[in-house]
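A.B. asks: Below is the file upload36.txt, which contains compact mmCIF, C-alpha atoms.
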# COMPACT_ATOMS: atom_id res chain seq x y z
CA MET A 1 -2.04 9.63 -2.78
CA HIS A 2 -2.56 11.28 0.57
CA ARG A 3 -5.72 9.32 1.12
CA ILE A 4 -3.82 6.06 0.57
CA LEU A 5 -1.24 7.16 3.15
CA GLU A 6 -4.01 7.92 5.63
CA ARG A 7 -5.43 4.45 5.13
CA MET A 8 -1.99 2.97 5.62
CA GLN A 9 -1.66 4.87 8.86
CA SER A 10 -4.89 3.39 10.19
CA ASP A 11 -3.45 -0.06 9.39
CA LEU A 12 0.01 0.60 10.80
CA LEU A 13 -0.81 2.15 14.15
CA ASP A 14 2.78 2.39 15.34
CA ALA A 15 3.96 4.26 12.22
CA LEU A 16 5.96 7.44 12.90
CA GLY A 17 6.37 8.13 9.21
CA LEU A 18 5.14 6.90 5.84
CA ALA A 19 6.49 7.78 2.41
CA ILE A 20 5.94 7.09 -1.25
CA THR A 21 9.17 7.56 -3.22
CA VAL A 22 9.29 7.49 -7.02
CA HIS A 23 12.18 7.06 -9.41
CA ASN A 24 11.83 7.71 -13.10
CA LYS A 25 14.97 6.24 -14.63
CA SER A 26 14.24 7.26 -18.20
CA HIS A 27 14.54 10.98 -17.32
CA ASP A 28 17.82 10.47 -15.53
CA GLU A 29 16.29 11.96 -12.40
CA LYS A 30 17.14 11.20 -8.81
CA PRO A 31 14.48 9.43 -6.75
CA SER A 32 12.11 11.87 -5.03
CA VAL A 33 9.48 11.73 -2.32
CA LEU A 34 6.04 12.01 -3.87
CA ALA A 35 3.89 11.98 -0.73
CA ALA A 36 4.55 11.45 2.96
CA LEU A 37 3.12 11.56 6.46
CA GLY A 38 4.88 12.24 9.78
CA VAL A 39 8.65 11.99 9.55
CA GLY A 40 8.35 10.05 6.26
CA ALA A 41 9.53 12.77 3.89
CA ASP A 42 12.59 13.86 5.88
CA PHE A 43 13.52 10.29 6.60
CA ALA A 44 13.28 9.00 3.03
CA ALA A 45 15.18 12.06 1.74
CA ALA A 46 17.94 11.54 4.30
CA GLN A 47 18.33 7.88 3.35
CA MET A 48 18.68 8.80 -0.31
CA SER A 49 21.17 11.59 0.37
CA GLY A 50 23.89 8.97 0.79
CA ILE A 51 23.59 7.54 4.30
CA GLY A 52 21.60 4.57 2.99
CA GLY A 53 18.60 2.75 4.39
CA PRO A 54 15.68 0.53 3.46
CA VAL A 55 14.29 2.95 0.83
CA PRO A 56 17.40 3.17 -1.41
CA ASP A 57 18.01 -0.58 -0.99
CA ALA A 58 14.45 -1.45 -2.02
CA LEU A 59 14.89 0.81 -5.09
CA ALA A 60 18.28 -0.61 -6.00
CA TYR A 61 17.62 -4.31 -5.47
CA GLN A 62 13.86 -4.32 -6.14
CA VAL A 63 13.15 -6.54 -3.14
CA PRO A 64 11.12 -5.81 0.00
CA VAL A 65 13.41 -4.64 2.83
CA LEU A 66 12.72 -4.96 6.56
CA SER A 67 14.57 -3.79 9.65
CA LEU A 68 13.86 -4.62 13.29
CA ASP A 69 15.92 -1.80 14.71
CA LEU A 70 17.21 0.81 12.29
CA TRP A 71 19.78 2.58 14.44
CA THR A 72 21.63 -0.64 15.21
CA ASP A 73 21.12 -2.33 11.83
CA ASP A 74 24.54 -3.34 10.47
CA ARG A 75 23.38 -2.90 6.86
CA TRP A 76 23.38 0.90 7.22
CA PRO A 77 26.16 1.94 9.62
CA ASP A 78 25.70 5.64 8.75
CA LEU A 79 22.00 5.65 9.50
CA THR A 80 21.99 6.50 13.20
CA LEU A 81 20.03 8.48 15.76
CA VAL A 82 22.85 11.04 15.84
CA SER A 83 22.91 11.55 12.06
CA MET A 84 19.13 11.98 11.92
CA ARG A 85 19.17 14.44 14.84
CA ASP A 86 21.71 16.51 12.93
CA ARG A 87 19.76 16.42 9.69
CA ALA A 88 16.27 17.00 11.04
CA PRO A 89 16.43 18.27 14.63
CA GLN A 90 12.77 19.35 14.48
CA HIS A 91 11.75 15.67 14.68
CA GLU A 92 14.09 14.85 17.57
CA SER A 93 11.37 13.28 19.74
CA SER A 94 10.28 11.03 16.85
CA TRP A 95 13.84 9.92 16.06
CA GLU A 96 14.17 8.77 19.66
CA GLN A 97 11.14 6.51 19.27
CA VAL A 98 12.23 4.91 15.97
CA HIS A 99 12.73 1.16 15.93
CA GLY A 100 11.69 -0.78 12.85
CA ALA A 101 11.18 0.12 9.21
CA ALA A 102 10.09 -1.54 6.01
CA ALA A 103 10.13 -0.63 2.31
CA VAL A 104 8.44 -2.39 -0.61
CA PRO A 105 9.29 -1.62 -4.26
CA GLY A 106 7.17 -1.86 -7.38
CA VAL A 107 7.24 -0.90 -11.04
CA TRP A 108 4.31 1.15 -12.35
CA ALA A 109 5.44 2.13 -15.84
CA ASP A 110 8.37 1.54 -18.14
CA ASP A 111 11.50 2.61 -16.26
CA ALA A 112 9.48 4.07 -13.39
CA THR A 113 9.75 2.48 -9.97
CA VAL A 114 8.11 3.30 -6.68
CA VAL A 115 8.88 2.44 -3.06
CA VAL A 116 6.28 2.46 -0.31
CA SER A 117 7.95 2.72 3.09
CA CYS A 118 7.17 3.09 6.77
CA THR A 119 9.08 3.89 9.94
CA LEU A 120 7.78 2.41 13.17
CA SER A 121 8.07 2.89 16.91
CA GLN A 122 8.07 -0.94 17.15
CA PRO A 123 10.23 -3.52 15.36
CA ALA A 124 8.87 -4.24 11.86
CA SER A 125 7.44 -7.71 11.24
CA ALA A 126 6.69 -9.84 8.21
CA ALA A 127 3.08 -8.63 8.60
CA THR A 128 4.33 -5.03 8.13
CA VAL A 129 5.89 -6.06 4.81
CA ALA A 130 2.76 -8.01 3.78
CA SER A 131 0.66 -4.90 4.46
CA LEU A 132 3.03 -2.65 2.45
CA ILE A 133 2.87 -5.13 -0.45
CA THR A 134 -0.90 -4.58 -0.61
CA TYR A 135 -0.51 -0.81 -0.52
CA GLU A 136 2.25 -0.85 -3.15
CA GLN A 137 -0.26 -2.33 -5.61
CA LEU A 138 -2.77 0.38 -4.74
CA VAL A 139 -0.13 3.11 -5.07
CA SER A 140 1.08 1.81 -8.44
CA ALA A 141 -2.48 1.83 -9.76
CA ALA A 142 -3.05 5.35 -8.44
CA LEU A 143 0.22 6.57 -9.96
CA ILE A 144 -0.86 5.55 -13.43
CA THR A 145 -4.03 7.61 -13.00
CA THR A 146 -2.46 10.67 -11.37
CA ALA A 147 0.41 10.76 -13.84
CA ALA A 148 -2.16 11.57 -16.51
CA GLU A 149 -2.89 14.86 -14.71
CA ASN A 150 0.75 15.78 -14.51
CA ALA A 151 2.03 17.70 -17.53
CA THR A 152 5.60 16.40 -17.36
CA ALA A 153 4.44 12.78 -17.29
CA ILE A 154 1.90 13.15 -20.07
CA ALA A 155 4.31 12.00 -22.77
CA ASP A 156 4.96 8.75 -20.91
CA ILE A 157 1.27 8.10 -20.53
CA ILE A 158 0.67 8.66 -24.23
CA THR A 159 3.32 6.05 -25.04
CA VAL A 160 1.73 3.63 -22.60
CA LEU A 161 -1.72 4.22 -24.10
CA GLN A 162 -0.38 3.85 -27.63
CA SER A 163 1.10 0.49 -26.80
CA ARG A 164 -2.04 -0.62 -25.03
CA GLY A 165 -3.27 -2.59 -28.03
CA ALA A 166 -0.23 -4.87 -27.94
CA ILE A 167 -0.27 -5.06 -24.15
CA GLU A 168 -3.94 -6.12 -24.18
CA GLN A 169 -3.19 -8.75 -26.82
CA ALA A 170 -0.23 -10.11 -24.86
CA LYS A 171 -2.28 -10.13 -21.65
CA GLY A 172 -5.03 -12.08 -23.41
CA ALA A 173 -2.54 -14.66 -24.64
CA LEU A 174 -1.06 -15.12 -21.15
CA MET A 175 -4.53 -15.44 -19.61
CA GLY A 176 -5.28 -18.25 -22.06
CA LEU A 177 -1.97 -20.03 -21.53
CA VAL A 178 -1.81 -20.06 -17.74
CA ARG A 179 -5.57 -19.72 -17.14
CA CYS A 180 -5.36 -16.66 -14.93
CA ASP A 181 -7.18 -13.33 -14.67
CA ALA A 182 -6.15 -10.05 -16.32
CA GLU A 183 -4.61 -8.73 -13.11
CA ARG A 184 -2.24 -11.68 -12.81
CA ALA A 185 -1.33 -11.58 -16.49
CA TRP A 186 -0.48 -7.89 -16.11
CA ARG A 187 1.67 -8.61 -13.06
CA MET A 188 3.53 -11.39 -14.89
CA MET A 189 4.37 -9.01 -17.72
CA ARG A 190 5.43 -6.26 -15.35
CA ARG A 191 7.72 -8.63 -13.47
CA ALA A 192 9.19 -10.10 -16.65
CA SER A 193 9.96 -6.67 -18.05
CA GLN A 194 11.61 -5.79 -14.76
CA GLU A 195 13.63 -8.97 -14.57
CA PHE A 196 14.83 -8.99 -18.14
CA ASN A 197 15.26 -5.23 -17.95
CA VAL A 198 13.30 -4.61 -21.14
CA LYS A 199 10.53 -2.10 -21.85
CA LEU A 200 7.06 -3.43 -21.09
CA ARG A 201 5.51 -2.23 -24.35
CA GLU A 202 8.33 -3.77 -26.39
CA LEU A 203 8.03 -7.04 -24.48
CA ALA A 204 4.30 -7.06 -25.22
CA VAL A 205 4.89 -6.56 -28.94
CA ALA A 206 7.62 -9.24 -28.94
CA LEU A 207 5.34 -11.69 -27.10
CA VAL A 208 2.46 -11.19 -29.52
CA GLU A 209 4.73 -11.55 -32.53
CA HIS A 210 6.43 -14.63 -31.05
CA ILE A 211 3.11 -16.37 -30.36
CA SER A 212 1.28 -15.43 -33.53
CA GLY A 213 4.18 -15.25 -35.94
CA ALA A 214 2.48 -12.11 -37.30
CA PRO A 215 3.03 -8.39 -36.61
CA ALA A 216 1.36 -7.06 -33.46
CA GLU A 217 -1.24 -4.31 -33.36
CA GLN A 218 0.57 -0.98 -33.57
CA PRO A 219 -0.37 2.53 -32.45
CA ASP A 220 -2.27 4.62 -35.02
CA THR A 221 0.00 7.56 -34.39
CA GLY A 222 3.60 7.87 -33.32
CA THR A 223 6.46 5.56 -34.12
CA PRO A 224 5.83 1.83 -34.43
CA ILE A 225 7.27 -0.28 -31.62
CA THR A 226 10.11 -2.51 -32.82
CA PRO A 227 11.52 -4.76 -30.08
CA ASP A 228 15.25 -5.46 -30.27
CA GLU A 229 16.75 -8.97 -30.28
CA ARG A 230 17.24 -8.99 -26.48
CA THR A 231 13.56 -8.21 -25.93
CA ARG A 232 12.53 -10.90 -28.42
CA GLU A 233 14.73 -13.39 -26.57
CA ALA A 234 13.09 -12.35 -23.26
CA ALA A 235 9.65 -12.95 -24.80
CA ARG A 236 10.72 -16.38 -26.07
CA LEU A 237 12.08 -17.37 -22.65
CA MET A 238 9.02 -16.10 -20.81
CA TRP A 239 6.64 -17.95 -23.11
CA ALA A 240 8.69 -21.18 -22.94
CA ALA A 241 8.89 -21.05 -19.12
CA LEU A 242 5.15 -20.50 -18.80
CA SER A 243 4.28 -23.23 -21.30
CA GLU A 244 6.47 -25.67 -19.41
CA HIS A 245 4.97 -24.96 -15.98
CA ARG A 246 1.42 -24.96 -17.15
CA MET B 1 0.96 -32.57 -1.97
CA THR B 2 3.63 -33.20 -4.55
CA ASN B 3 4.61 -31.73 -7.84
CA SER B 4 7.81 -31.50 -9.81
CA GLN B 5 9.32 -28.52 -8.02
CA PHE B 6 7.63 -27.97 -4.66
CA ARG B 7 7.12 -30.86 -2.31
CA MET B 8 5.41 -30.75 1.03
CA SER B 9 5.90 -33.32 3.75
CA ALA B 10 3.38 -33.51 6.56
CA ALA B 11 4.08 -32.49 10.14
CA GLU B 12 5.35 -35.31 12.30
CA ALA B 13 6.48 -35.76 15.92
CA GLU B 14 6.40 -32.09 16.99
CA GLN B 15 8.14 -31.10 13.74
CA PRO B 16 6.43 -28.55 11.48
CA PRO B 17 5.60 -29.46 7.87
CA VAL B 18 8.48 -29.00 5.45
CA VAL B 19 8.18 -27.49 1.98
CA THR B 20 11.12 -28.47 -0.19
CA ALA B 21 11.74 -26.36 -3.28
CA THR B 22 14.12 -27.10 -6.13
CA GLY B 23 15.21 -25.39 -9.32
CA ASP B 24 14.31 -21.79 -10.13
CA ILE B 25 11.60 -19.80 -8.38
CA ASP B 26 10.55 -16.85 -10.51
CA LEU B 27 7.47 -15.19 -11.90
CA ALA B 28 6.65 -18.29 -13.92
CA ASN B 29 6.01 -20.47 -10.89
CA VAL B 30 5.84 -18.20 -7.86
CA ASN B 31 2.07 -18.63 -7.58
CA GLU B 32 2.52 -22.39 -7.43
CA PHE B 33 5.18 -21.88 -4.73
CA GLN B 34 2.83 -19.60 -2.80
CA ASP B 35 -0.01 -22.13 -3.02
CA VAL B 36 2.15 -24.88 -1.54
CA LEU B 37 3.34 -22.51 1.22
CA CYS B 38 -0.25 -21.56 2.04
CA SER B 39 -1.50 -25.12 2.24
CA ALA B 40 1.47 -26.09 4.43
CA ALA B 41 0.76 -23.13 6.74
CA ALA B 42 -2.99 -23.76 6.83
CA ASP B 43 -2.91 -26.51 9.46
CA SER B 44 0.20 -25.51 11.33
CA ASP B 45 1.47 -22.48 13.22
CA ALA B 46 5.00 -23.13 11.95
CA ILE B 47 6.53 -24.30 8.68
CA THR B 48 10.02 -24.99 7.40
CA VAL B 49 10.99 -24.17 3.83
CA ASP B 50 14.03 -25.96 2.46
CA LEU B 51 15.70 -23.86 -0.23
CA SER B 52 19.01 -25.79 -0.29
CA ASP B 53 18.42 -27.04 -3.84
CA VAL B 54 17.02 -23.82 -5.25
CA THR B 55 19.20 -22.61 -8.11
CA TYR B 56 17.65 -19.15 -8.50
CA CYS B 57 15.09 -17.09 -6.66
CA ASP B 58 14.13 -13.44 -6.88
CA SER B 59 11.96 -10.72 -5.46
CA ALA B 60 8.78 -12.69 -6.23
CA ALA B 61 9.90 -15.53 -3.93
CA VAL B 62 10.94 -13.05 -1.22
CA ARG B 63 7.47 -11.48 -1.31
CA ALA B 64 5.85 -14.93 -1.03
CA LEU B 65 8.05 -15.82 1.96
CA PHE B 66 7.31 -12.50 3.72
CA ALA B 67 3.60 -13.10 3.16
CA VAL B 68 3.69 -16.56 4.73
CA ALA B 69 5.89 -15.34 7.59
CA ALA B 70 3.23 -12.73 8.40
CA THR B 71 0.92 -15.45 9.71
CA THR B 72 3.21 -18.40 10.46
CA LYS B 73 6.48 -19.04 12.23
CA LEU B 74 8.87 -19.52 9.33
CA GLY B 75 12.04 -21.58 9.29
CA LEU B 76 14.36 -21.53 6.27
CA ILE B 77 17.09 -23.95 5.23
CA VAL B 78 19.49 -22.28 2.81
CA PRO B 79 23.00 -22.80 1.41
CA THR B 80 25.67 -21.05 3.54
CA THR B 81 26.83 -18.87 0.67
CA GLY B 82 25.36 -17.80 -2.63
CA PRO B 83 22.63 -15.58 -4.01
CA ILE B 84 19.82 -16.82 -1.75
CA MET B 85 21.68 -15.93 1.42
CA THR B 86 22.49 -12.51 -0.09
CA LEU B 87 18.82 -11.96 -0.94
CA LEU B 88 17.80 -12.89 2.61
CA SER B 89 20.22 -10.46 4.19
CA ILE B 90 19.45 -7.55 1.81
CA SER B 91 15.74 -7.93 2.46
CA GLY B 92 16.03 -8.59 6.20
CA LEU B 93 13.92 -11.74 5.81
CA ASP B 94 16.66 -13.47 7.84
CA ARG B 95 15.59 -11.32 10.81
CA VAL B 96 11.99 -12.51 10.95
CA ALA B 97 12.59 -16.14 9.96
CA THR B 98 14.77 -18.75 11.63
CA VAL B 99 17.57 -19.45 9.17
CA VAL B 100 19.54 -22.68 9.23
CA THR B 101 22.45 -22.89 6.80
CA ARG B 102 23.57 -26.04 5.07
CA ASP B 103 26.70 -26.58 2.95
Go through the file and emit its structure as structure tokens.

C.D. replies:
Amino acid sequence: MHRILERMQSDLLDALGLAITVHNKSHDEKPSVLAALGVGADFAAAQMSGIGGPVPDALAYQVPVLSLDLWTDDRWPDLTLVSMRDRAPQHESSWEQVHGAAAVPGVWADDATVVVSCTLSQPASAATVASLITYEQLVSAALITTAAENATAIADIITVLQSRGAIEQAKGALMGLVRCDAERAWRMMRRASQEFNVKLRELAVALVEHISGAPAEQPDTGTPITPDERTREAARLMWAALSEHR
Amino acid sequence: MTNSQFRMSAAEAEQPPVVTATGDIDLANVNEFQDVLCSAAADSDAITVDLSDVTYCDSAAVRALFAVAATTKLGLIVPTTGPIMTLLSISGLDRVATVVTRD
């Protein structure tokens, strides 16, 4: 994770701080800063402590968020130079240089979201957001791998692996329908699960069963995945929309 | 370039090319939207995207618009009120693009 942040820093030369914030909704946990550089950790934590900012907004609305000048941005009246000086006086000289910021959200597992954010000494631009979008994809991929080494996340990973059969089947079907590569099929499923607010593995099972009319491949161990009616409806809508726009 | 949902009209008399979108922009067609945006931006340093007749758009469309704004001067035509305007102000896209509202 740190290596990704270092690469980001070489891309975003005017960055004063970078942060990767994760939120695992299924465990009812608050969002936390996973890795950071410069003032990134203190700044992301401050924004999430209630004064608001691009990071909590990106998490809440799941859209990229950009600011040209944070301290005067009318979206976050409580996020000011004075409040940051009070909270983290050790970074006073950095706070004085802060201008722009950007935050880009992503989903990397069922119910687990991530926000990649930066704080700049210059106003943020659309190019800043475009660059963060690239890194968000890298971070999400790395999270899936590193989570496997983390004991508390191991259960989640097992569930993801167990449902992989159905996810692979669903991905294959999407690749055939819209003639795209595996990466794009995966992104379409991720986005659909996010938008319909249904679990990715259940959506995959529902998709496969909707297309084939037969039961999907199920994990050898553990409980079989049975999508509820809402998930089945989401799968129907997704498939119909994609068939129509082919 | 024309298709059912995203139309592009060529640049004329000092005016940048205009991409007109209608209906819903979501994961099902965002790549198509992005393709039209890219081809409009390819031969011009500015483009205008007319979203007045868009009924729904989400994070996928916002990402596509940020991406095109990274390399091109972006103008947006949007309804004065409604979800699209809200999305623009939450994301701050309205601060890097020129937004013209239309009732």

A.B. asks: With all atoms listed in the file counted and 7 Å as the cut-off, give the residues of region 56-172 of chain A in contact with region 10-28 of chain A, each with its shortest interatomic distance in Å and the pair that gives it, as a Markdown table.

C.D. replies:
| residue | atom | partner | partner_atom | distance |
| --- | --- | --- | --- | --- |
| A:Ser94 | CA | A:Leu16 | CA | 6.9 |
| A:Asp111 | CA | A:Lys25 | CA | 5.3 |
| A:Ala112 | CA | A:Asn24 | CA | 4.3 |
| A:Thr113 | CA | A:His23 | CA | 5.2 |
| A:Val114 | CA | A:Val22 | CA | 4.4 |
| A:Val115 | CA | A:Thr21 | CA | 5.1 |
| A:Val116 | CA | A:Ile20 | CA | 4.7 |
| A:Ser117 | CA | A:Ala19 | CA | 5.3 |
| A:Cys118 | CA | A:Leu18 | CA | 4.4 |
| A:Thr119 | CA | A:Gly17 | CA | 5.1 |
| A:Leu120 | CA | A:Ala15 | CA | 4.3 |
| A:Ser121 | CA | A:Asp14 | CA | 5.5 |
| A:Gln122 | CA | A:Asp14 | CA | 6.5 |

A.B. asks: With distances taken over only C-alpha atoms, which residue among A:Ile225, A:Ala214, A:Met188, A:Met175 lies nearest Val30 (chain B)?

C.D. replies: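 Answer, going by the shortest atom-to-atom distance: A:Met188.
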
A.B. asks: Kindly provide, as number ranges by chain, the residues of chain A having any atom no farther than 10 Å from an atom of chain B, counting all atoms listed in the file.

C.D. replies: A: 54, 57-58, 61-68, 73, 75, 102-105, 124-131, 133, 178, 184, 187-192, 195, 238-246

A.B. asks: From the list A:Ile211, A:Ala45, A:Ile144, A:Glu202, which residue is nearest Gly172 (chain A) when using all atoms listed in the file?

C.D. replies: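 Ranked by minimum distance to Gly172 (chain A), first place goes to A:Ile211.
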
A.B. asks: Give me, as a list in words, all polymer residues having an atom no more than 8 Å from Val36 (chain B), counting all atoms listed in the file and skipping those fewer than 6 positions away in the same chain.

C.D. replies: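 Counting all atoms listed in the file, the residues come to Met1, Phe6, Arg7, Met8 and Val19 of chain B.
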
A.B. asks: Pull C-alpha atoms from the residues just selected and write them as an mmCIF file, in the coordinates of the input.

C.D. replies:
data_model
loop_
_atom_site.group_PDB
_atom_site.id
_atom_site.type_symbol
_atom_site.label_atom_id
_atom_site.label_comp_id
_atom_site.auth_asym_id
_atom_site.auth_seq_id
_atom_site.Cartn_x
_atom_site.Cartn_y
_atom_site.Cartn_z
ATOM 1 C CA MET B 1 0.960 -32.570 -1.970
ATOM 2 C CA PHE B 6 7.630 -27.970 -4.660
ATOM 3 C CA ARG B 7 7.120 -30.860 -2.310
ATOM 4 C CA MET B 8 5.410 -30.750 1.030
ATOM 5 C CA VAL B 19 8.180 -27.490 1.980
#

A.B. asks: Work out how far apart CA of Pro89 (chain A) and CA of Thr72 (chain A) are and give it in Å to one decimal.

C.D. replies: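 Result for CA of Pro89 (chain A) versus CA of Thr72 (chain A): 19.6 Å, one decimal.
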
A.B. asks: What does the distance between CA of Tyr135 (chain A) and CA of Ile4 (chain A) come to in Å, to one decimal place?

C.D. replies: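 Computing it gives 7.7 Å between the two atoms.
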
A.B. asks: Kindly provide, as a list in words, the polymer residues lying within 9 Å of (2.7, -21.3, 7.1), counting all atoms listed in the file and using the coordinates exactly as they appear in the file.

C.D. replies: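 Output: Pro17, Leu37, Cys38, Ser39, Ala40, Ala41, Ala42, Asp43, Ser44, Asp45, Ala46, Ile47, Thr48, Val68, Ala69, Ala70, Thr71, Thr72, Lys73 and Leu74 of chain B.
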
A.B. asks: If you count only C-alpha atoms, which residues fall within 6 Å of Pro79 (chain B), apart from same-chain ones fewer than 2 positions away, as JSON, numbers by chain?

C.D. replies: {"B": [52, 81, 101, 102, 103]}

A.B. asks: Just how far from CA of Thr98 (chain B) is CA of Trp76 (chain A), in Å to one decimal?

C.D. replies: 21.9 Å

A.B. asks: Provide an axis-aligned box for all listed atoms of region 25-36 of chain B, padding each side by 3 Å; report its centre and its edge lengths in Å to one decimal, as JSON.

C.D. replies:
{"center_x": 5.8, "center_y": -20.0, "center_z": -7.7, "size_x": 17.6, "size_y": 15.7, "size_z": 18.4}

A.B. asks: For a quick check of understanding, using all atoms listed in the file, which of A:Val107, A:Leu59, A:Leu177, A:Val39 has the smallest distance to Ala88 (chain A)?

C.D. replies: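 Closest to Ala88 (chain A) of all the choices is A:Val39.
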
A.B. asks: Compile the contact shell of Val49 (chain B) as a list of chain:residue names: residues with an atom at most 7 Å away, counting all atoms listed in the file, same-chain residues fewer than 6 positions apart removed.

C.D. replies: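 Answer for this query is B:Val18, B:Val19, B:Thr20, B:Gly75, B:Leu76, B:Ile77.
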
A.B. asks: Of the candidates B:Cys57, B:Ala21, B:Val100, B:Ala13, which shows the shortest atom-to-atom distance to Thr86 (chain B), using all atoms listed in the file?

C.D. replies: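 For Thr86 (chain B), the nearest of the given residues is B:Cys57.
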
A.B. asks: Since the input is missing atoms for region 44-62 of chain A, could you rebuild it with N, CA and C atoms and give the result as a short mmCIF file (atom, residue, chain, number, x, y, z; two decimals), in the frame of the given file?

C.D. replies:
data_model
loop_
_atom_site.label_atom_id
_atom_site.label_comp_id
_atom_site.auth_asym_id
_atom_site.auth_seq_id
_atom_site.Cartn_x
_atom_site.Cartn_y
_atom_site.Cartn_z
N ALA A 44 12.97 9.60 4.33
CA ALA A 44 13.28 9.00 3.03
C ALA A 44 14.34 9.84 2.32
N ALA A 45 14.21 11.18 2.39
CA ALA A 45 15.18 12.06 1.74
C ALA A 45 16.56 11.86 2.33
N ALA A 46 16.64 11.74 3.64
CA ALA A 46 17.94 11.54 4.30
C ALA A 46 18.58 10.23 3.84
N GLN A 47 17.78 9.18 3.77
CA GLN A 47 18.33 7.88 3.35
C GLN A 47 18.90 7.95 1.94
N MET A 48 18.25 8.74 1.09
CA MET A 48 18.68 8.80 -0.31
C MET A 48 19.80 9.81 -0.52
N SER A 49 20.11 10.59 0.53
CA SER A 49 21.17 11.59 0.37
C SER A 49 22.54 10.95 0.55
N GLY A 50 22.59 9.64 0.75
CA GLY A 50 23.89 8.97 0.79
C GLY A 50 24.12 8.15 2.04
N ILE A 51 23.31 8.33 3.11
CA ILE A 51 23.59 7.54 4.30
C ILE A 51 22.98 6.13 4.21
N GLY A 52 22.15 5.91 3.21
CA GLY A 52 21.60 4.57 2.99
C GLY A 52 20.42 4.27 3.89
N GLY A 53 19.77 3.13 3.61
CA GLY A 53 18.60 2.75 4.39
C GLY A 53 17.70 1.85 3.58
N PRO A 54 16.58 1.44 4.15
CA PRO A 54 15.68 0.53 3.46
C PRO A 54 15.15 1.08 2.13
N VAL A 55 14.87 2.39 2.05
CA VAL A 55 14.29 2.95 0.83
C VAL A 55 15.24 2.84 -0.36
N PRO A 56 16.50 3.34 -0.26
CA PRO A 56 17.40 3.17 -1.41
C PRO A 56 17.70 1.71 -1.73
N ASP A 57 17.75 0.84 -0.71
CA ASP A 57 18.01 -0.58 -0.99
C ASP A 57 16.85 -1.23 -1.73
N ALA A 58 15.62 -0.89 -1.33
CA ALA A 58 14.45 -1.45 -2.02
C ALA A 58 14.44 -0.99 -3.47
N LEU A 59 14.82 0.28 -3.72
CA LEU A 59 14.89 0.81 -5.09
C LEU A 59 15.97 0.09 -5.88
N ALA A 60 17.14 -0.07 -5.27
CA ALA A 60 18.28 -0.61 -6.00
C ALA A 60 18.13 -2.10 -6.28
N TYR A 61 17.68 -2.86 -5.30
CA TYR A 61 17.62 -4.31 -5.47
C TYR A 61 16.25 -4.82 -5.86
N GLN A 62 15.24 -3.93 -5.81
CA GLN A 62 13.86 -4.32 -6.14
C GLN A 62 13.38 -5.51 -5.32
#
